[in-house]
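Participant: Okay, so here is input01.cif, and as you'll see once you scroll down, it has mmCIF, C-alpha atoms and all ligand atoms.
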```
data_data
#
loop_
_atom_site.group_PDB
_atom_site.id
_atom_site.type_symbol
_atom_site.label_atom_id
_atom_site.label_comp_id
_atom_site.auth_asym_id
_atom_site.auth_seq_id
_atom_site.Cartn_x
_atom_site.Cartn_y
_atom_site.Cartn_z
ATOM 1 C CA MET A 1 0.000 0.000 0.000
ATOM 2 C CA ALA A 2 1.287 3.490 -0.782
ATOM 3 C CA ALA A 3 0.457 5.546 2.275
ATOM 4 C CA LYS A 4 -1.134 8.912 1.460
ATOM 5 C CA LEU A 5 -2.375 10.145 4.809
ATOM 6 C CA PHE A 6 1.056 10.695 6.259
ATOM 7 C CA GLN A 7 2.677 12.174 3.129
ATOM 8 C CA PRO A 8 3.596 15.758 3.998
ATOM 9 C CA ASN A 9 1.696 18.422 2.102
ATOM 10 C CA ARG A 10 3.726 21.364 3.328
ATOM 11 C CA PRO A 11 5.582 23.481 0.725
ATOM 12 C CA HIS A 12 8.978 21.985 -0.187
ATOM 13 C CA ALA A 13 8.066 18.828 1.718
ATOM 14 C CA LYS A 14 9.367 16.722 -1.142
ATOM 15 C CA GLU A 15 12.860 18.105 -0.680
ATOM 16 C CA ILE A 16 14.240 15.382 1.488
ATOM 17 C CA SER A 17 17.886 15.996 2.303
ATOM 18 C CA TRP A 18 19.138 12.413 2.475
ATOM 19 C CA CYS A 19 21.689 11.096 -0.047
ATOM 20 C CA PRO A 20 20.289 9.077 -2.960
ATOM 21 C CA GLY A 21 20.339 5.405 -1.942
ATOM 22 C CA CYS A 22 20.274 6.088 1.805
ATOM 23 C CA GLY A 23 18.426 3.425 3.798
ATOM 24 C CA ASN A 24 16.444 6.150 5.578
ATOM 25 C CA PHE A 25 14.160 6.540 2.547
ATOM 26 C CA ALA A 26 12.901 2.973 2.796
ATOM 27 C CA ILE A 27 12.486 3.203 6.586
ATOM 28 C CA ARG A 28 10.351 6.288 6.071
ATOM 29 C CA LEU A 29 8.143 4.580 3.479
ATOM 30 C CA VAL A 30 7.736 1.494 5.620
ATOM 31 C CA LEU A 31 6.821 3.645 8.623
ATOM 32 C CA LEU A 32 4.269 5.636 6.597
ATOM 33 C CA ASP A 33 2.622 2.407 5.463
ATOM 34 C CA ALA A 34 2.704 0.907 8.946
ATOM 35 C CA LEU A 35 1.010 3.960 10.483
ATOM 36 C CA GLU A 36 -1.658 4.011 7.811
ATOM 37 C CA GLU A 37 -2.320 0.284 7.960
ATOM 38 C CA LEU A 38 -2.744 0.534 11.721
ATOM 39 C CA GLY A 39 -5.540 3.028 11.102
ATOM 40 C CA PHE A 40 -3.717 5.934 12.736
ATOM 41 C CA THR A 41 -4.227 9.534 11.663
ATOM 42 C CA PRO A 42 -1.792 12.463 11.596
ATOM 43 C CA TYR A 43 -3.756 13.892 14.531
ATOM 44 C CA ASN A 44 -3.290 10.966 16.890
ATOM 45 C CA THR A 45 0.315 10.262 15.892
ATOM 46 C CA ALA A 46 3.525 11.968 17.004
ATOM 47 C CA ILE A 47 7.013 11.403 15.631
ATOM 48 C CA VAL A 48 9.742 12.501 18.039
ATOM 49 C CA SER A 49 13.431 12.528 17.159
ATOM 50 C CA GLY A 50 16.860 13.549 18.361
ATOM 51 C CA ILE A 51 19.602 14.905 16.078
ATOM 52 C CA GLY A 52 21.170 13.260 13.036
ATOM 53 C CA GLN A 53 20.047 12.102 9.603
ATOM 54 C CA ALA A 54 17.446 9.811 11.174
ATOM 55 C CA GLY A 55 16.446 12.741 13.362
ATOM 56 C CA LYS A 56 15.077 14.584 10.343
ATOM 57 C CA MET A 57 12.165 12.159 10.133
ATOM 58 C CA PRO A 58 9.473 14.359 11.775
ATOM 59 C CA HIS A 59 9.914 16.874 8.932
ATOM 60 C CA TYR A 60 9.072 14.233 6.356
ATOM 61 C CA ILE A 61 5.907 12.840 7.907
ATOM 62 C CA ASN A 62 2.540 14.532 8.047
ATOM 63 C CA ALA A 63 1.859 14.100 11.760
ATOM 64 C CA ASN A 64 2.627 15.832 15.031
ATOM 65 C CA GLY A 65 6.406 16.120 15.264
ATOM 66 C CA PHE A 66 9.168 17.154 17.633
ATOM 67 C CA HIS A 67 12.760 17.378 16.355
ATOM 68 C CA SER A 68 14.498 17.634 19.702
ATOM 69 C CA LEU A 69 18.064 17.587 21.048
ATOM 70 C CA HIS A 70 20.796 15.053 20.443
ATOM 71 C CA GLY A 71 20.090 11.950 22.527
ATOM 72 C CA ARG A 72 17.005 13.437 24.200
ATOM 73 C CA ALA A 73 14.158 11.984 22.156
ATOM 74 C CA VAL A 74 13.289 9.201 24.616
ATOM 75 C CA PRO A 75 12.462 11.458 27.595
ATOM 76 C CA ILE A 76 10.652 13.920 25.339
ATOM 77 C CA GLY A 77 8.594 11.208 23.617
ATOM 78 C CA SER A 78 7.896 9.575 26.981
ATOM 79 C CA GLY A 79 6.738 12.883 28.488
ATOM 80 C CA LEU A 80 4.490 13.474 25.503
ATOM 81 C CA LYS A 81 2.881 10.076 25.937
ATOM 82 C CA ILE A 82 2.391 10.567 29.678
ATOM 83 C CA ALA A 83 0.734 13.943 29.086
ATOM 84 C CA ASN A 84 -1.468 12.505 26.362
ATOM 85 C CA PRO A 85 -1.803 8.700 26.319
ATOM 86 C CA GLU A 86 -4.210 9.035 23.377
ATOM 87 C CA LEU A 87 -1.257 9.869 21.105
ATOM 88 C CA ASN A 88 0.642 7.112 19.304
ATOM 89 C CA VAL A 89 4.242 8.115 19.918
ATOM 90 C CA VAL A 90 7.055 6.854 17.696
ATOM 91 C CA ILE A 91 10.567 7.920 18.688
ATOM 92 C CA VAL A 92 13.256 7.872 16.010
ATOM 93 C CA GLY A 93 17.026 8.233 16.243
ATOM 94 C CA GLY A 94 20.379 7.107 14.893
ATOM 95 C CA ASP A 95 22.853 4.737 16.552
ATOM 96 C CA GLY A 96 25.000 7.675 17.689
ATOM 97 C CA ASP A 97 21.974 9.584 18.906
ATOM 98 C CA MET A 98 20.596 6.683 20.904
ATOM 99 C CA TYR A 99 23.601 4.597 21.964
ATOM 100 C CA SER A 100 26.071 7.421 22.601
ATOM 101 C CA GLU A 101 24.605 10.845 23.438
ATOM 102 C CA GLY A 102 21.305 9.217 24.420
ATOM 103 C CA MET A 103 22.560 6.036 26.074
ATOM 104 C CA GLY A 104 21.442 7.042 29.581
ATOM 105 C CA HIS A 105 17.977 7.865 28.303
ATOM 106 C CA PHE A 106 17.821 4.633 26.282
ATOM 107 C CA VAL A 107 18.477 2.643 29.470
ATOM 108 C CA TYR A 108 16.039 4.689 31.552
ATOM 109 C CA GLY A 109 13.370 4.581 28.857
ATOM 110 C CA ILE A 110 13.480 0.799 29.004
ATOM 111 C CA LYS A 111 13.449 0.868 32.805
ATOM 112 C CA ARG A 112 10.530 3.326 33.015
ATOM 113 C CA ASN A 113 8.461 1.474 30.396
ATOM 114 C CA VAL A 114 6.238 4.198 28.976
ATOM 115 C CA ASN A 115 4.061 2.870 26.140
ATOM 116 C CA VAL A 116 6.083 4.288 23.225
ATOM 117 C CA THR A 117 7.919 2.778 20.268
ATOM 118 C CA LEU A 118 11.589 3.451 19.607
ATOM 119 C CA LEU A 119 13.094 2.936 16.142
ATOM 120 C CA VAL A 120 16.882 3.197 15.903
ATOM 121 C CA HIS A 121 18.304 3.633 12.404
ATOM 122 C CA ASN A 122 21.562 1.787 12.938
ATOM 123 C CA ASN A 123 24.010 2.608 10.129
ATOM 124 C CA GLN A 124 27.067 1.945 12.342
ATOM 125 C CA VAL A 125 28.453 5.417 11.714
ATOM 126 C CA TYR A 126 27.674 9.077 12.457
ATOM 127 C CA GLY A 127 26.019 10.121 9.182
ATOM 128 C CA LEU A 128 25.055 13.765 9.631
ATOM 129 C CA THR A 129 28.464 14.848 10.924
ATOM 130 C CA LYS A 130 30.269 13.093 8.067
ATOM 131 C CA GLY A 131 31.294 9.642 9.092
ATOM 132 C CA GLN A 132 32.783 9.585 12.578
ATOM 133 C CA THR A 133 32.921 6.357 14.561
ATOM 134 C CA SER A 134 29.659 5.465 16.271
ATOM 135 C CA PRO A 135 29.035 3.135 19.219
ATOM 136 C CA THR A 136 28.164 0.295 16.821
ATOM 137 C CA SER A 137 31.026 0.783 14.316
ATOM 138 C CA LEU A 138 32.909 -2.470 13.868
ATOM 139 C CA PRO A 139 36.571 -2.767 14.909
ATOM 140 C CA GLY A 140 38.877 -2.117 11.980
ATOM 141 C CA THR A 141 36.370 0.092 10.102
ATOM 142 C CA LYS A 142 38.153 3.178 8.783
ATOM 143 C CA THR A 143 36.215 6.296 9.756
ATOM 144 C CA SER A 144 37.028 10.004 9.797
ATOM 145 C CA THR A 145 37.883 9.793 13.511
ATOM 146 C CA HIS A 146 39.707 6.450 13.198
ATOM 147 C CA PRO A 147 41.519 6.645 9.838
ATOM 148 C CA HIS A 148 43.561 3.546 10.765
ATOM 149 C CA GLY A 149 40.498 1.603 11.859
ATOM 150 C CA VAL A 150 38.186 1.560 14.875
ATOM 151 C CA LEU A 151 39.950 0.168 17.936
ATOM 152 C CA SER A 152 37.284 -0.541 20.520
ATOM 153 C CA GLN A 153 34.556 -3.172 20.521
ATOM 154 C CA PRO A 154 31.005 -2.181 19.496
ATOM 155 C CA ILE A 155 28.080 -1.853 21.877
ATOM 156 C CA ASN A 156 25.504 -4.644 21.591
ATOM 157 C CA PRO A 157 22.223 -2.738 22.107
ATOM 158 C CA ILE A 158 20.030 -5.813 21.652
ATOM 159 C CA ALA A 159 21.797 -7.744 24.416
ATOM 160 C CA LEU A 160 21.692 -4.630 26.588
ATOM 161 C CA ALA A 161 17.946 -4.128 26.072
ATOM 162 C CA ILE A 162 17.208 -7.791 26.802
ATOM 163 C CA SER A 163 19.345 -7.695 29.937
ATOM 164 C CA LEU A 164 17.182 -4.764 31.111
ATOM 165 C CA ASN A 165 14.008 -6.813 30.548
ATOM 166 C CA CYS A 166 12.861 -4.394 27.848
ATOM 167 C CA SER A 167 9.191 -4.947 27.080
ATOM 168 C CA PHE A 168 9.747 -5.595 23.333
ATOM 169 C CA VAL A 169 13.096 -6.068 21.566
ATOM 170 C CA ALA A 170 13.575 -6.591 17.834
ATOM 171 C CA ARG A 171 16.132 -6.085 15.096
ATOM 172 C CA THR A 172 15.628 -5.919 11.372
ATOM 173 C CA PHE A 173 17.364 -4.776 8.177
ATOM 174 C CA ILE A 174 15.639 -2.283 5.917
ATOM 175 C CA GLY A 175 16.627 -4.359 2.865
ATOM 176 C CA TYR A 176 13.727 -6.590 4.001
ATOM 177 C CA ARG A 177 10.866 -4.113 3.788
ATOM 178 C CA GLU A 178 7.824 -6.325 4.330
ATOM 179 C CA GLU A 179 9.367 -8.032 7.358
ATOM 180 C CA THR A 180 10.426 -4.648 8.732
ATOM 181 C CA LYS A 181 6.920 -3.283 8.354
ATOM 182 C CA LYS A 182 5.460 -6.299 10.151
ATOM 183 C CA ILE A 183 7.908 -5.892 13.031
ATOM 184 C CA ILE A 184 7.272 -2.140 13.299
ATOM 185 C CA LYS A 185 3.515 -2.701 13.371
ATOM 186 C CA GLU A 186 3.872 -5.309 16.072
ATOM 187 C CA ALA A 187 6.156 -3.010 18.072
ATOM 188 C CA ILE A 188 3.677 -0.135 17.843
ATOM 189 C CA THR A 189 0.725 -2.262 18.936
ATOM 190 C CA HIS A 190 2.673 -3.827 21.819
ATOM 191 C CA GLU A 191 1.805 -2.226 25.152
ATOM 192 C CA GLY A 192 5.048 -1.047 26.725
ATOM 193 C CA PHE A 193 8.399 0.394 25.658
ATOM 194 C CA SER A 194 8.963 -1.342 22.328
ATOM 195 C CA TYR A 195 12.370 -1.087 20.722
ATOM 196 C CA VAL A 196 13.419 -1.968 17.155
ATOM 197 C CA ASP A 197 17.000 -1.620 15.912
ATOM 198 C CA ILE A 198 16.997 -1.269 12.106
ATOM 199 C CA PHE A 199 20.178 -1.865 10.113
ATOM 200 C CA GLN A 200 20.215 1.031 7.634
ATOM 201 C CA PRO A 201 23.045 1.404 5.114
ATOM 202 C CA CYS A 202 24.729 4.813 5.021
ATOM 203 C CA VAL A 203 25.856 4.711 1.398
ATOM 204 C CA THR A 204 28.044 7.798 1.692
ATOM 205 C CA PHE A 205 30.147 7.261 4.806
ATOM 206 C CA ASN A 206 30.006 3.564 5.565
ATOM 207 C CA ARG A 207 31.644 1.540 2.813
ATOM 208 C CA VAL A 208 31.836 -1.582 4.979
ATOM 209 C CA ASN A 209 28.253 -2.166 6.123
ATOM 210 C CA THR A 210 26.626 -1.958 2.698
ATOM 211 C CA TYR A 211 23.308 -3.457 1.478
ATOM 212 C CA ASP A 212 25.208 -6.560 0.316
ATOM 213 C CA TRP A 213 27.103 -6.803 3.599
ATOM 214 C CA TYR A 214 23.871 -6.779 5.611
ATOM 215 C CA LYS A 215 22.337 -9.395 3.327
ATOM 216 C CA GLU A 216 25.369 -11.630 3.843
ATOM 217 C CA HIS A 217 25.707 -11.096 7.588
ATOM 218 C CA THR A 218 22.112 -11.123 8.823
ATOM 219 C CA LYS A 219 19.485 -13.828 9.072
ATOM 220 C CA PHE A 220 15.971 -14.079 10.499
ATOM 221 C CA ALA A 221 16.183 -16.547 13.356
ATOM 222 C CA ASP A 222 13.938 -19.594 12.993
ATOM 223 C CA ASN A 223 11.157 -20.072 15.529
ATOM 224 C CA MET A 224 12.321 -17.591 18.143
ATOM 225 C CA ASP A 225 10.624 -18.182 21.476
ATOM 226 C CA THR A 226 9.989 -14.547 22.347
ATOM 227 C CA SER A 227 9.122 -15.376 25.968
ATOM 228 C CA ASP A 228 12.482 -17.021 26.715
ATOM 229 C CA ILE A 229 14.798 -14.254 27.937
ATOM 230 C CA LYS A 230 17.858 -16.497 28.278
ATOM 231 C CA LYS A 231 17.510 -17.823 24.748
ATOM 232 C CA ALA A 232 16.881 -14.295 23.453
ATOM 233 C CA PHE A 233 20.044 -13.087 25.185
ATOM 234 C CA GLU A 234 22.053 -15.969 23.732
ATOM 235 C CA LEU A 235 20.814 -15.219 20.197
ATOM 236 C CA SER A 236 21.572 -11.525 20.648
ATOM 237 C CA LEU A 237 25.256 -12.318 21.264
ATOM 238 C CA ASN A 238 25.630 -13.926 17.844
ATOM 239 C CA THR A 239 27.475 -11.786 15.331
ATOM 240 C CA ASP A 240 27.857 -14.212 12.451
ATOM 241 C CA PRO A 241 25.120 -13.920 11.380
ATOM 242 C CA TYR A 242 23.426 -11.102 13.268
ATOM 243 C CA TYR A 243 19.973 -12.480 13.962
ATOM 244 C CA LEU A 244 16.910 -10.528 12.888
ATOM 245 C CA GLY A 245 13.354 -10.732 14.165
ATOM 246 C CA ILE A 246 11.564 -10.219 17.466
ATOM 247 C CA PHE A 247 13.930 -11.476 20.159
ATOM 248 C CA TYR A 248 11.882 -10.878 23.268
ATOM 249 C CA LYS A 249 8.470 -9.679 24.449
ATOM 250 C CA THR A 250 7.173 -9.385 27.957
ATOM 251 C CA SER A 251 4.177 -7.871 29.645
ATOM 252 C CA ARG A 252 5.150 -5.216 32.203
ATOM 253 C CA THR A 253 2.937 -2.583 33.812
ATOM 254 C CA ILE A 254 3.370 0.586 31.825
ATOM 255 C CA PHE A 255 4.447 3.755 33.588
ATOM 256 C CA GLU A 256 1.223 5.608 32.742
ATOM 257 C CA LYS A 257 -0.825 2.943 34.503
ATOM 258 C CA SER A 258 1.251 3.023 37.651
ATOM 259 C CA ILE A 259 1.293 6.753 38.439
ATOM 260 C CA ASP A 260 -1.233 8.386 40.760
ATOM 261 C CA GLY A 261 -2.255 10.907 38.110
ATOM 262 C CA TYR A 262 -3.950 8.226 36.042
ATOM 263 C CA ILE A 263 -5.158 5.783 38.670
ATOM 264 C CA ASP A 264 -8.375 7.622 39.570
ATOM 265 C CA GLN A 265 -8.776 9.677 36.423
ATOM 266 C CA LYS A 266 -8.304 8.491 32.866
ATOM 267 C CA GLN A 267 -8.459 11.933 31.248
ATOM 268 C CA PRO A 268 -5.125 12.927 29.639
ATOM 269 C CA LEU A 269 -3.131 15.415 31.722
ATOM 270 C CA TYR A 270 -3.223 18.035 28.986
ATOM 271 C CA LYS A 271 -7.036 18.165 29.091
ATOM 272 C CA ARG A 272 -7.244 18.825 32.813
ATOM 273 C CA THR A 273 -7.552 22.307 34.230
ATOM 274 C CA VAL A 274 -4.813 23.509 36.499
ATOM 275 C CA ASP A 275 -5.815 24.702 39.953
ATOM 276 C CA ILE A 276 -3.499 27.716 40.188
ATOM 277 C CA ASP A 277 -4.076 28.252 43.920
ATOM 278 C CA LEU A 278 -3.265 24.654 44.696
ATOM 279 C CA MET A 279 -0.180 24.886 42.485
ATOM 280 C CA LYS A 280 0.985 28.057 44.285
ATOM 281 C CA LYS A 281 0.481 26.403 47.651
ATOM 282 C CA PHE A 282 2.437 23.363 46.480
ATOM 283 C CA ILE A 283 5.352 25.552 45.360
ATOM 284 C CA GLU A 284 5.278 27.650 48.545
ATOM 285 C CA ASP A 285 5.142 24.541 50.722
ATOM 286 C CA SER A 286 8.069 23.002 48.897
ATOM 287 C CA TYR A 287 10.161 26.141 49.640
ATOM 288 C CA LYS A 288 9.445 25.672 53.326
ATOM 289 C CA LEU A 289 10.900 22.152 53.373
HETATM 290 C C1 LIG B 1 25.225 17.226 22.317
HETATM 291 C C2 LIG B 1 25.627 17.149 20.876
HETATM 292 N N1 LIG B 1 26.754 16.489 20.551
HETATM 293 C C3 LIG B 1 27.122 16.409 19.256
HETATM 294 C C4 LIG B 1 26.375 16.971 18.275
HETATM 295 C C5 LIG B 1 26.806 16.868 16.846
HETATM 296 N N2 LIG B 1 26.106 15.835 16.119
HETATM 297 C C6 LIG B 1 24.996 16.108 15.402
HETATM 298 S S1 LIG B 1 24.418 14.774 14.563
HETATM 299 C C7 LIG B 1 25.660 13.810 15.177
HETATM 300 C C8 LIG B 1 25.807 12.380 14.777
HETATM 301 C C9 LIG B 1 24.549 11.674 14.498
HETATM 302 O O1 LIG B 1 24.818 10.335 14.205
HETATM 303 P P1 LIG B 1 23.719 9.225 14.351
HETATM 304 O O2 LIG B 1 22.962 9.419 15.600
HETATM 305 O O3 LIG B 1 24.360 7.902 14.175
HETATM 306 O O4 LIG B 1 22.683 9.555 13.217
HETATM 307 P P2 LIG B 1 22.772 9.538 11.633
HETATM 308 O O5 LIG B 1 23.158 10.935 11.233
HETATM 309 O O6 LIG B 1 23.791 8.518 11.231
HETATM 310 O O7 LIG B 1 21.383 9.171 11.240
HETATM 311 C C10 LIG B 1 26.499 14.534 16.031
HETATM 312 C C11 LIG B 1 27.684 13.976 16.723
HETATM 313 C C12 LIG B 1 25.180 17.647 18.651
HETATM 314 N N3 LIG B 1 24.357 18.162 17.733
HETATM 315 N N4 LIG B 1 24.839 17.716 19.967
HETATM 316 S S1 LIG B 2 25.186 10.600 5.046
HETATM 317 FE FE1 LIG B 2 24.569 8.463 5.198
HETATM 318 S S2 LIG B 2 22.888 8.420 6.677
HETATM 319 FE FE2 LIG B 2 23.158 10.536 5.981
HETATM 320 S S3 LIG B 2 21.701 10.765 4.292
HETATM 321 FE FE3 LIG B 2 23.693 10.232 3.420
HETATM 322 S S4 LIG B 2 23.618 7.997 3.216
HETATM 323 FE FE4 LIG B 2 21.990 8.574 4.641
#
```
Show the structure stored in the file as structure tokens.

Facilitator:
Amino acid sequence: MAAKLFQPNRPHAKEISWCPGCGNFAIRLVLLDALEELGFTPYNTAIVSGIGQAGKMPHYINANGFHSLHGRAVPIGSGLKIANPELNVVIVGGDGDMYSEGMGHFVYGIKRNVNVTLLVHNNQVYGLTKGQTSPTSLPGTKTSTHPHGVLSQPINPIALAISLNCSFVARTFIGYREETKKIIKEAITHEGFSYVDIFQPCVTFNRVNTYDWYKEHTKFADNMDTSDIKKAFELSLNTDPYYLGIFYKTSRTIFEKSIDGYIDQKQPLYKRTVDIDLMKKFIEDSYKL
């Protein structure tokens, strides 16, 4: 299906500033289709991003959008969802954005478990700032910051997320569009913090992890038991091939359902009126402490 609802109709919206051949184009199309097939509208959907090439996504989707600060999309998207649980919040970022600048927030997003979806465009390099080493760059890869090859070992975000009992953990490669769409749809409909790492070739700055490389080095795991955390962790450690698919799913109470603000009242925070006098008293009392 070619999604229409989420195609931007703003002036110059067609001027997407990604390099021809960049994997971000296909991720965008798959996401547009997924949102439309789930029956969402631009009004009840919000795309929140950090900084980077992937971070440009809110500009290219006709929905509510927030292009925030480097590494800060998870707390912003989570806050948005807490203020308005009626919104479908999709957070988007790059591997640098999420696993370097945003690593603390990635970990705490998983721990807090707000009902949002996180998509990480993992191209194993910093794209926007012209090819520096990222947390997932492979040892030996020549980058602008490591011209003789990356020295340190890469972060394994899938193993990390599973070890934190993340509510939904998946990895895919954008070369497999239909499978990616299915996984994204399942992540969005899952209740809890759902996380999908998407291998996305950066055709300009990463000459190692190309479309062909990902095809050769990835494989959908057969019959994954998504309830078995130990097995999921074991599969996540494999690097030859890197397994794709949904590794792990678990049902955890979401943050919104465990805070006082929503226990007695279901109305979104943003629709409630603020009692200014009560607020003043609260602030004054807190000064007295
Ligand atoms: C706090 C902060 N540090 C550094 C930068 C510079 N910066 C902007 S984008 C970027 C790299 C983004 O790489 P990645 O998240 O992998 O996304 P990609 O561009 O590859 O999609 C960096 C380092 C910044 N904007 N803010
Ligand atoms: S630099 Fe890389 S990630 Fe950025 S638009 Fe170009 S191909 Fe895509």

Participant: Using only C-alpha atoms for the distances, tell me which of A:Phe173, A:Phe6, A:Tyr242, A:Phe205 is nearest to A:Phe40.

Facilitator: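 Between A:Phe173, A:Phe6, A:Tyr242, A:Phe205, the residue approaching A:Phe40 most closely is A:Phe6.
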
Participant: What is the atom CA of A:Ala161-atom CA of A:Asp95 distance in Å, reported with one decimal?

Facilitator: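 Answer for the atom CA of A:Ala161 to atom CA of A:Asp95 separation: 13.9 Å.
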
Participant: As a PyMOL selection string, please: the residues near A:Ser163 (cut-off 10 Å, only C-alpha atoms, same-chain neighbours under 2 positions excluded).

Facilitator: chain A and resi 157-161+165-166+229-230+232-233

Participant: Go ahead and save the residues from that selection, with C-alpha atoms, as a PDB file, keeping the file's coordinate frame.

Facilitator:
```pdb
ATOM      1  CA  PRO A 157      22.223  -2.738  22.107  1.00  0.00           C
ATOM      2  CA  ILE A 158      20.030  -5.813  21.652  1.00  0.00           C
ATOM      3  CA  ALA A 159      21.797  -7.744  24.416  1.00  0.00           C
ATOM      4  CA  LEU A 160      21.692  -4.630  26.588  1.00  0.00           C
ATOM      5  CA  ALA A 161      17.946  -4.128  26.072  1.00  0.00           C
ATOM      6  CA  ASN A 165      14.008  -6.813  30.548  1.00  0.00           C
ATOM      7  CA  CYS A 166      12.861  -4.394  27.848  1.00  0.00           C
ATOM      8  CA  ILE A 229      14.798 -14.254  27.937  1.00  0.00           C
ATOM      9  CA  LYS A 230      17.858 -16.497  28.278  1.00  0.00           C
ATOM     10  CA  ALA A 232      16.881 -14.295  23.453  1.00  0.00           C
ATOM     11  CA  PHE A 233      20.044 -13.087  25.185  1.00  0.00           C
TER      12      PHE A 233
END
```

Participant: If we count all atoms listed in the file, what is near stretch 108-120 of chain A at a cut-off of 8 Å, once residues fewer than 5 positions away on the same chain are taken out, given as a PyMOL selection string?

Facilitator: chain A and resi 74-75+77-78+81-82+88-95+98+161+164-167+187-188+191-198+252-256

Participant: How many Å lie between atom CA of A:Gln7 and atom CA of A:Tyr60, rounded to one decimal?

Facilitator: 7.5 Å

Participant: A:Val274, A:Leu31, A:Leu128, A:Leu235: which is nearest A:Gln53, counting all atoms listed in the file?

Facilitator: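 Result for the nearest residue to A:Gln53: A:Leu128.
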
Participant: Just want the 7 Å neighbourhood of A:Lys249, counted on all atoms listed in the file, with same-chain residues fewer than 5 positions away dropped. Output as a ChimeraX atom specification.

Facilitator: /A:167-169,226-227

Participant: Give as a CSV table (one decimal) with C-alpha atoms, in the coordinates of the input the residues surrounding ligand LIG 1 (chain B) up to a distance of 7 Å, considering all atoms listed in the file.

Facilitator:
```csv
chain,number,residue,atom,x,y,z
A,51,ILE,CA,19.6,14.9,16.1
A,52,GLY,CA,21.2,13.3,13.0
A,53,GLN,CA,20.0,12.1,9.6
A,54,ALA,CA,17.4,9.8,11.2
A,55,GLY,CA,16.4,12.7,13.4
A,69,LEU,CA,18.1,17.6,21.0
A,70,HIS,CA,20.8,15.1,20.4
A,93,GLY,CA,17.0,8.2,16.2
A,94,GLY,CA,20.4,7.1,14.9
A,95,ASP,CA,22.9,4.7,16.6
A,96,GLY,CA,25.0,7.7,17.7
A,97,ASP,CA,22.0,9.6,18.9
A,98,MET,CA,20.6,6.7,20.9
A,101,GLU,CA,24.6,10.8,23.4
A,121,HIS,CA,18.3,3.6,12.4
A,122,ASN,CA,21.6,1.8,12.9
A,123,ASN,CA,24.0,2.6,10.1
A,124,GLN,CA,27.1,1.9,12.3
A,125,VAL,CA,28.5,5.4,11.7
A,126,TYR,CA,27.7,9.1,12.5
A,127,GLY,CA,26.0,10.1,9.2
A,128,LEU,CA,25.1,13.8,9.6
A,129,THR,CA,28.5,14.8,10.9
A,134,SER,CA,29.7,5.5,16.3
```

Participant: Enumerate residues in contact with ligand LIG 2 (chain B): an atom-to-atom distance of at most 7 Å, counting all atoms listed in the file. Format the result as a ChimeraX atom specification.

Facilitator: /A:17-19,21-24,53,123,127-128,130,201-205

Participant: Calculate, to one decimal in Å, the centre and edge lengths of the box along x, y and z of the file that holds all listed atoms of stretch 123-132 of chain A with 6 Å of margin on each side, and present them as JSON.

Facilitator:
```
{"center_x": 28.4, "center_y": 8.4, "center_z": 10.3, "size_x": 20.8, "size_y": 24.9, "size_z": 16.5}
```

Participant: Evaluated on this file, the PyMOL selection byres (((chain A and resi 246) around 7) and not hetatm) picks out some residues - which ones are they, written as a list in words?

Facilitator: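 Those residues are Val169, Ala170, Arg171, Thr226, Gly245, Phe247 and Tyr248 of chain A.
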
Participant: From the set A:Ala26, A:Leu269, A:Ile16, A:Val208, which residue has the shortest atom-to-atom contact distance to A:His59, counting all atoms listed in the file?

Facilitator: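 Result for the nearest residue to A:His59: A:Ile16.
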
Participant: I'd like the interatomic distance between atom CA of A:Lys181 and atom CA of A:Asp33, to a tenth of an Å.

Facilitator: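 Atom-to-atom, atom CA of A:Lys181 and atom CA of A:Asp33 are spaced 7.7 Å apart.
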
Participant: Residue by residue, what does the PyMOL selection byres (((chain A and resi 137-140) around 7) and not hetatm) grab here? Present the result as an NGL selection string.

Facilitator: :A and (124-125 or 133-136 or 141-142 or 149-154)

Participant: A:Thr239: which residues within 10 Å, counting all atoms listed in the file, same-chain residues fewer than 2 positions away excluded, as a list in words?

Facilitator: Asn156, His217, Thr218, Leu235, Ser236, Leu237, Pro241, Tyr242 and Tyr243 of chain A

Participant: For C-alpha atoms, I'd like the residues from the last selection saved as a compact mmCIF listing (two decimals), in the coordinates of the input.

Facilitator:
```txt
# COMPACT_ATOMS: atom_id res chain seq x y z
CA ASN A 156 25.50 -4.64 21.59
CA HIS A 217 25.71 -11.10 7.59
CA THR A 218 22.11 -11.12 8.82
CA LEU A 235 20.81 -15.22 20.20
CA SER A 236 21.57 -11.52 20.65
CA LEU A 237 25.26 -12.32 21.26
CA PRO A 241 25.12 -13.92 11.38
CA TYR A 242 23.43 -11.10 13.27
CA TYR A 243 19.97 -12.48 13.96
```

Participant: Identify, on the basis of all atoms listed in the file, every residue whose closest approach to A:Leu5 does not exceed 9 Å; exclude the query and any residue fewer than 2 positions from it along the same chain; express the result as a list in words.

Facilitator: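 Counting only the stated atoms, we get Ala3, Gln7, Pro8, Leu32, Glu36, Thr41, Pro42 and Asn62 of chain A.
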
Participant: So which one's closest to A:Pro147, A:Thr189, A:Gln132, A:Asn238, A:Thr273? Using all atoms listed in the file, please.

Facilitator: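 Ranked by minimum distance to A:Pro147, first place goes to A:Gln132.
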
Participant: Nearest to A:Arg28 among A:Ala221, A:Ser286, A:Gln200, A:Gly71, with distances taken over all atoms listed in the file: which residue is it?

Facilitator: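 Looking only at the distances to A:Arg28, the closest residue turns out to be A:Gln200.
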